[in-house]
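Report on the following structure.
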Amino acid sequence: MSQDGYTSDDVASLPVPLAVFNHEPLPPNLIANVKKDHSFHLYGTLDIPQLAKSATDFIGSNAKVNHELLEDVIVRFLHQAQDDCKSNAAPADAATITQSCWLRIRMTLPCDDWVEPRWHNDGRMFDCSCSEPRVPHSNPYVRQVRSEKYWRERSEVAARFAGCDEVNVERGQVIRFSWGQDDSPIHSEPDCTSDERVFMSVLFGKKDELRDMCRIREMVYDQVWLYP
Ligand SMILES: [Fe+2]
């Protein structure tokens with residue numbers, strides 16, 4: 001049994017820790033002129049048309065966007081992610097594993113926060129209730145106290161990984177990676193010294209699992225939360 005509670009047979013059936021999807025370039029002039037740092041979170045029902053509309057409205061409230069094209073891009077992203085998740089699920093879970101989701105959008109202005117990479121991998125969030133734990137779902141929600149120790153350790157890790165090969169990912173390219181496992185990919189925000197950034201992620205789970213995430217995070221299921 002691994003430290004994650006998986007047996008060796010379970011681990012053998014897990015999806016690969018990292019999948020990089022085909023790059024479909026985003027339409028030009030999709031999003032421009034981000035106004036401020038702003039984030040969107042929704043823990044709730046996976047209703048793709050409704051989520052795409054809410055996400056488009058949110059991004060449009062904080063940037064100049066082509067609404068029609070953006071909504072279409074988000075619909076395609078969510079369908080692609082859902083199909084991928086279901087295709088990796090055990091048959092008994094395929095119908096329920098994407099009942100609910102955590103959709104997160106993080107919009108940031110150019111900043112030098114990530115000139116030095118923040119290499120990390122993400123921990124588990126909820127105990128998976130799948131019949132076979134084939135699809136790792138966990139959560140990067142770690143309340144990081146930005147102490148002296150945090151900055152020192154971040155620098156030490158950055159120095160250790162400097163010069164290592166990185167996966168080549170284009171702007172707008174969709175990737176999927178596991179969280180909370182020994183081989184979960186190490187990742188960081190990109191250097192955005194001169195770039196506005198709109199980052200979107202989706203985590204799927206059964207309704208009870210997402211409700212549990214809400215309980216842990218003191219969120220309300222099916223209610224959008226904006227920050228700051
Ligand atoms: Fe992360």
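Order determines the names: the first chain of the structure tokens is A, the second B, and so forth; residues in each chain are numbered 1 upward, and ligands are numbered 1 upward as they are shown.
Proximity to Trp151 in chain A at 12 Å, evaluated using only C-alpha atoms and with sequence-adjacent residues fewer than 5 positions away removed, yields Asp113, Trp114, Glu116, Pro117, Arg118, Trp119, Gln144, Val145, Arg146, Glu156, Val157 and Ala158 of chain A.
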Selection within 8 Å of ligand 1 by only C-alpha atoms and all ligand atoms, output as a short mmCIF file (atom, residue, chain, number, x, y, z; two decimals) with N, CA and C atoms, in the first residue's frame:
data_model
loop_
_atom_site.label_atom_id
_atom_site.label_comp_id
_atom_site.auth_asym_id
_atom_site.auth_seq_id
_atom_site.Cartn_x
_atom_site.Cartn_y
_atom_site.Cartn_z
N HIS A 120 6.34 23.14 -7.33
CA HIS A 120 5.62 22.42 -6.28
C HIS A 120 4.76 21.34 -6.94
N ASN A 121 4.32 20.38 -6.16
CA ASN A 121 3.20 19.56 -6.63
C ASN A 121 2.10 19.63 -5.59
N ASP A 122 0.93 19.23 -6.03
CA ASP A 122 -0.26 19.55 -5.25
C ASP A 122 -0.74 18.35 -4.44
N PRO A 140 -4.91 21.43 -4.83
CA PRO A 140 -3.71 22.20 -4.49
C PRO A 140 -3.96 23.23 -3.40
N ILE A 186 5.65 18.14 -11.13
CA ILE A 186 6.06 19.36 -10.45
C ILE A 186 5.84 20.51 -11.43
N HIS A 187 5.24 21.57 -10.95
CA HIS A 187 4.86 22.65 -11.86
C HIS A 187 5.02 24.01 -11.17
N SER A 188 4.95 25.03 -11.98
CA SER A 188 5.03 26.40 -11.46
C SER A 188 4.26 27.32 -12.40
#
Who sits within 12 Å of Trp225 in chain A, only C-alpha atoms, same chain under 2 positions skipped, as a short mmCIF file (atom, residue, chain, number, x, y, z; two decimals) with C-alpha atoms, in the first residue's frame:
data_model
loop_
_atom_site.label_atom_id
_atom_site.label_comp_id
_atom_site.auth_asym_id
_atom_site.auth_seq_id
_atom_site.Cartn_x
_atom_site.Cartn_y
_atom_site.Cartn_z
CA HIS A 38 -9.13 38.78 -10.07
CA SER A 39 -10.20 35.16 -9.48
CA PHE A 40 -13.35 33.11 -9.98
CA HIS A 41 -14.20 29.90 -8.14
CA LEU A 42 -17.21 27.70 -8.50
CA TYR A 43 -17.71 24.45 -6.62
CA GLY A 44 -20.87 22.99 -8.00
CA SER A 54 -20.63 32.45 -16.10
CA ALA A 55 -16.91 32.11 -16.87
CA PHE A 58 -16.52 36.94 -15.36
CA TRP A 102 -14.35 22.99 -9.13
CA LEU A 103 -13.82 25.56 -11.87
CA ARG A 104 -11.16 28.13 -11.17
CA ILE A 105 -10.12 31.13 -13.25
CA ARG A 106 -7.22 33.28 -12.20
CA CYS A 214 -17.06 23.07 0.08
CA ARG A 217 -13.11 25.35 2.42
CA GLU A 218 -16.18 26.96 3.91
CA MET A 219 -17.67 27.52 0.45
CA VAL A 220 -21.26 27.24 -0.72
CA TYR A 221 -22.04 24.61 -3.34
CA ASP A 222 -23.24 26.08 -6.66
CA GLN A 223 -22.35 29.61 -5.63
CA TYR A 227 -11.51 37.04 -5.12
CA PRO A 228 -10.40 39.68 -4.30
#
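Using only C-alpha atoms, the nearest neighbour of Leu210 in chain A within the list A:Ser178, A:Asn22, A:Thr193, A:Ser129 is A:Ser129.
With only C-alpha atoms as the atoms that count, the residue of A:Thr45, A:Ser147, A:Gln50, A:Ser87 with the shortest distance to Ser100 in chain A is A:Thr45.
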Leu69 in chain A: which residues within 10 Å, counting only C-alpha atoms, same-chain residues fewer than 3 positions away excluded, as a PyMOL selection string? chain A and resi 26-31+56+65-66+72-75
Can you list, as an MDAnalysis selection string, every residue of chain A that DSSP puts in strand (DSSP E)? chainID A and resid 18:20 31:32 38:45 64:65 100:108 175:177 197:205 223:227
Output N, CA and C atoms for every residue in that selection, as a short mmCIF file (atom, residue, chain, number, x, y, z; two decimals), in the first residue's frame.
data_model
loop_
_atom_site.label_atom_id
_atom_site.label_comp_id
_atom_site.auth_asym_id
_atom_site.auth_seq_id
_atom_site.Cartn_x
_atom_site.Cartn_y
_atom_site.Cartn_z
N LEU A 18 0.72 12.88 -16.43
CA LEU A 18 0.66 14.11 -17.23
C LEU A 18 0.17 13.79 -18.63
N ALA A 19 -0.83 14.53 -19.08
CA ALA A 19 -1.28 14.42 -20.47
C ALA A 19 -1.25 15.82 -21.07
N VAL A 20 -0.63 15.93 -22.23
CA VAL A 20 -0.59 17.22 -22.94
C VAL A 20 -1.44 17.07 -24.18
N ILE A 31 -8.92 37.68 -25.70
CA ILE A 31 -8.92 38.39 -24.42
C ILE A 31 -7.79 39.41 -24.46
N ALA A 32 -8.07 40.62 -24.02
CA ALA A 32 -7.01 41.64 -23.96
C ALA A 32 -7.34 42.61 -22.84
N HIS A 38 -7.77 39.15 -10.42
CA HIS A 38 -9.13 38.78 -10.07
C HIS A 38 -9.29 37.28 -10.28
N SER A 39 -10.02 36.62 -9.37
CA SER A 39 -10.20 35.16 -9.48
C SER A 39 -11.65 34.77 -9.33
N PHE A 40 -11.99 33.67 -9.97
CA PHE A 40 -13.35 33.11 -9.98
C PHE A 40 -13.27 31.67 -9.51
N HIS A 41 -14.13 31.29 -8.58
CA HIS A 41 -14.20 29.90 -8.14
C HIS A 41 -15.65 29.45 -8.14
N LEU A 42 -15.88 28.28 -8.66
CA LEU A 42 -17.21 27.70 -8.50
C LEU A 42 -17.06 26.23 -8.14
N TYR A 43 -17.62 25.85 -7.01
CA TYR A 43 -17.71 24.45 -6.62
C TYR A 43 -19.17 24.09 -6.81
N GLY A 44 -19.45 23.25 -7.79
CA GLY A 44 -20.87 22.99 -8.00
C GLY A 44 -21.14 22.03 -9.14
N THR A 45 -22.36 22.09 -9.61
CA THR A 45 -22.84 21.18 -10.65
C THR A 45 -22.12 21.44 -11.96
N LYS A 64 -11.16 43.03 -21.99
CA LYS A 64 -11.87 43.18 -23.26
C LYS A 64 -11.90 41.80 -23.91
N VAL A 65 -13.07 41.27 -24.21
CA VAL A 65 -13.15 39.91 -24.76
C VAL A 65 -14.08 39.86 -25.96
N SER A 100 -19.97 16.92 -10.71
CA SER A 100 -19.66 18.22 -10.12
C SER A 100 -18.23 18.60 -10.45
N CYS A 101 -17.91 19.85 -10.20
CA CYS A 101 -16.54 20.27 -10.50
C CYS A 101 -16.17 21.50 -9.66
N TRP A 102 -14.90 21.71 -9.62
CA TRP A 102 -14.35 22.99 -9.13
C TRP A 102 -13.75 23.67 -10.34
N LEU A 103 -14.34 24.78 -10.75
CA LEU A 103 -13.82 25.56 -11.87
C LEU A 103 -13.15 26.80 -11.30
N ARG A 104 -11.92 26.99 -11.68
CA ARG A 104 -11.16 28.13 -11.17
C ARG A 104 -10.60 28.93 -12.33
N ILE A 105 -10.73 30.24 -12.26
CA ILE A 105 -10.12 31.13 -13.25
C ILE A 105 -9.32 32.17 -12.49
N ARG A 106 -8.09 32.32 -12.89
CA ARG A 106 -7.22 33.28 -12.20
C ARG A 106 -6.68 34.25 -13.24
N MET A 107 -7.04 35.52 -13.09
CA MET A 107 -6.57 36.55 -14.02
C MET A 107 -5.54 37.40 -13.28
N THR A 108 -4.38 37.58 -13.90
CA THR A 108 -3.33 38.37 -13.24
C THR A 108 -2.71 39.36 -14.20
N ILE A 175 -3.55 20.97 -20.63
CA ILE A 175 -2.86 19.81 -20.06
C ILE A 175 -3.69 19.26 -18.90
N ARG A 176 -3.44 18.01 -18.60
CA ARG A 176 -4.09 17.42 -17.42
C ARG A 176 -3.00 16.75 -16.59
N PHE A 177 -3.00 17.02 -15.28
CA PHE A 177 -2.00 16.33 -14.45
C PHE A 177 -2.61 15.91 -13.13
N ARG A 197 -2.16 37.28 -17.65
CA ARG A 197 -2.38 35.82 -17.67
C ARG A 197 -3.82 35.51 -17.28
N VAL A 198 -4.43 34.60 -18.02
CA VAL A 198 -5.75 34.06 -17.65
C VAL A 198 -5.59 32.55 -17.58
N PHE A 199 -5.64 32.02 -16.37
CA PHE A 199 -5.41 30.59 -16.13
C PHE A 199 -6.72 29.95 -15.72
N MET A 200 -7.05 28.84 -16.36
CA MET A 200 -8.31 28.18 -16.05
C MET A 200 -8.04 26.72 -15.72
N SER A 201 -8.62 26.23 -14.63
CA SER A 201 -8.46 24.81 -14.30
C SER A 201 -9.80 24.25 -13.86
N VAL A 202 -9.96 22.95 -14.09
CA VAL A 202 -11.18 22.29 -13.66
C VAL A 202 -10.82 20.96 -13.02
N LEU A 203 -11.45 20.70 -11.91
CA LEU A 203 -11.30 19.44 -11.19
C LEU A 203 -12.69 18.82 -11.08
N PHE A 204 -12.79 17.56 -11.46
CA PHE A 204 -14.09 16.90 -11.41
C PHE A 204 -14.22 16.02 -10.19
N GLY A 205 -15.44 15.77 -9.80
CA GLY A 205 -15.69 14.82 -8.71
C GLY A 205 -17.18 14.53 -8.63
N GLN A 223 -22.38 28.15 -5.76
CA GLN A 223 -22.35 29.61 -5.63
C GLN A 223 -20.99 30.14 -6.07
N VAL A 224 -20.98 31.11 -6.98
CA VAL A 224 -19.72 31.66 -7.47
C VAL A 224 -19.05 32.50 -6.38
N TRP A 225 -17.76 32.34 -6.28
CA TRP A 225 -16.98 33.12 -5.31
C TRP A 225 -15.90 33.87 -6.08
N LEU A 226 -15.83 35.19 -5.89
CA LEU A 226 -14.84 36.01 -6.58
C LEU A 226 -13.82 36.51 -5.57
N TYR A 227 -12.57 36.57 -6.03
CA TYR A 227 -11.51 37.04 -5.12
C TYR A 227 -10.50 37.84 -5.93
#
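Proximity to Lys207 in chain A was assessed for A:Gln99, A:Gln82, A:Ser131, A:Asn62 counting only C-alpha atoms; the smallest distance is recorded for A:Gln99.
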According to DSSP computed on the backbone, where in range 65-168 of chain A is there alpha helix (DSSP H)? Give the residues as a ChimeraX atom specification. /A:67-87,148-161
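Proximity ranking of A:Ile59, A:Asp112, A:Asp165, A:Gly123 relative to Asp182 in chain A places A:Gly123 first, based on only C-alpha atoms.
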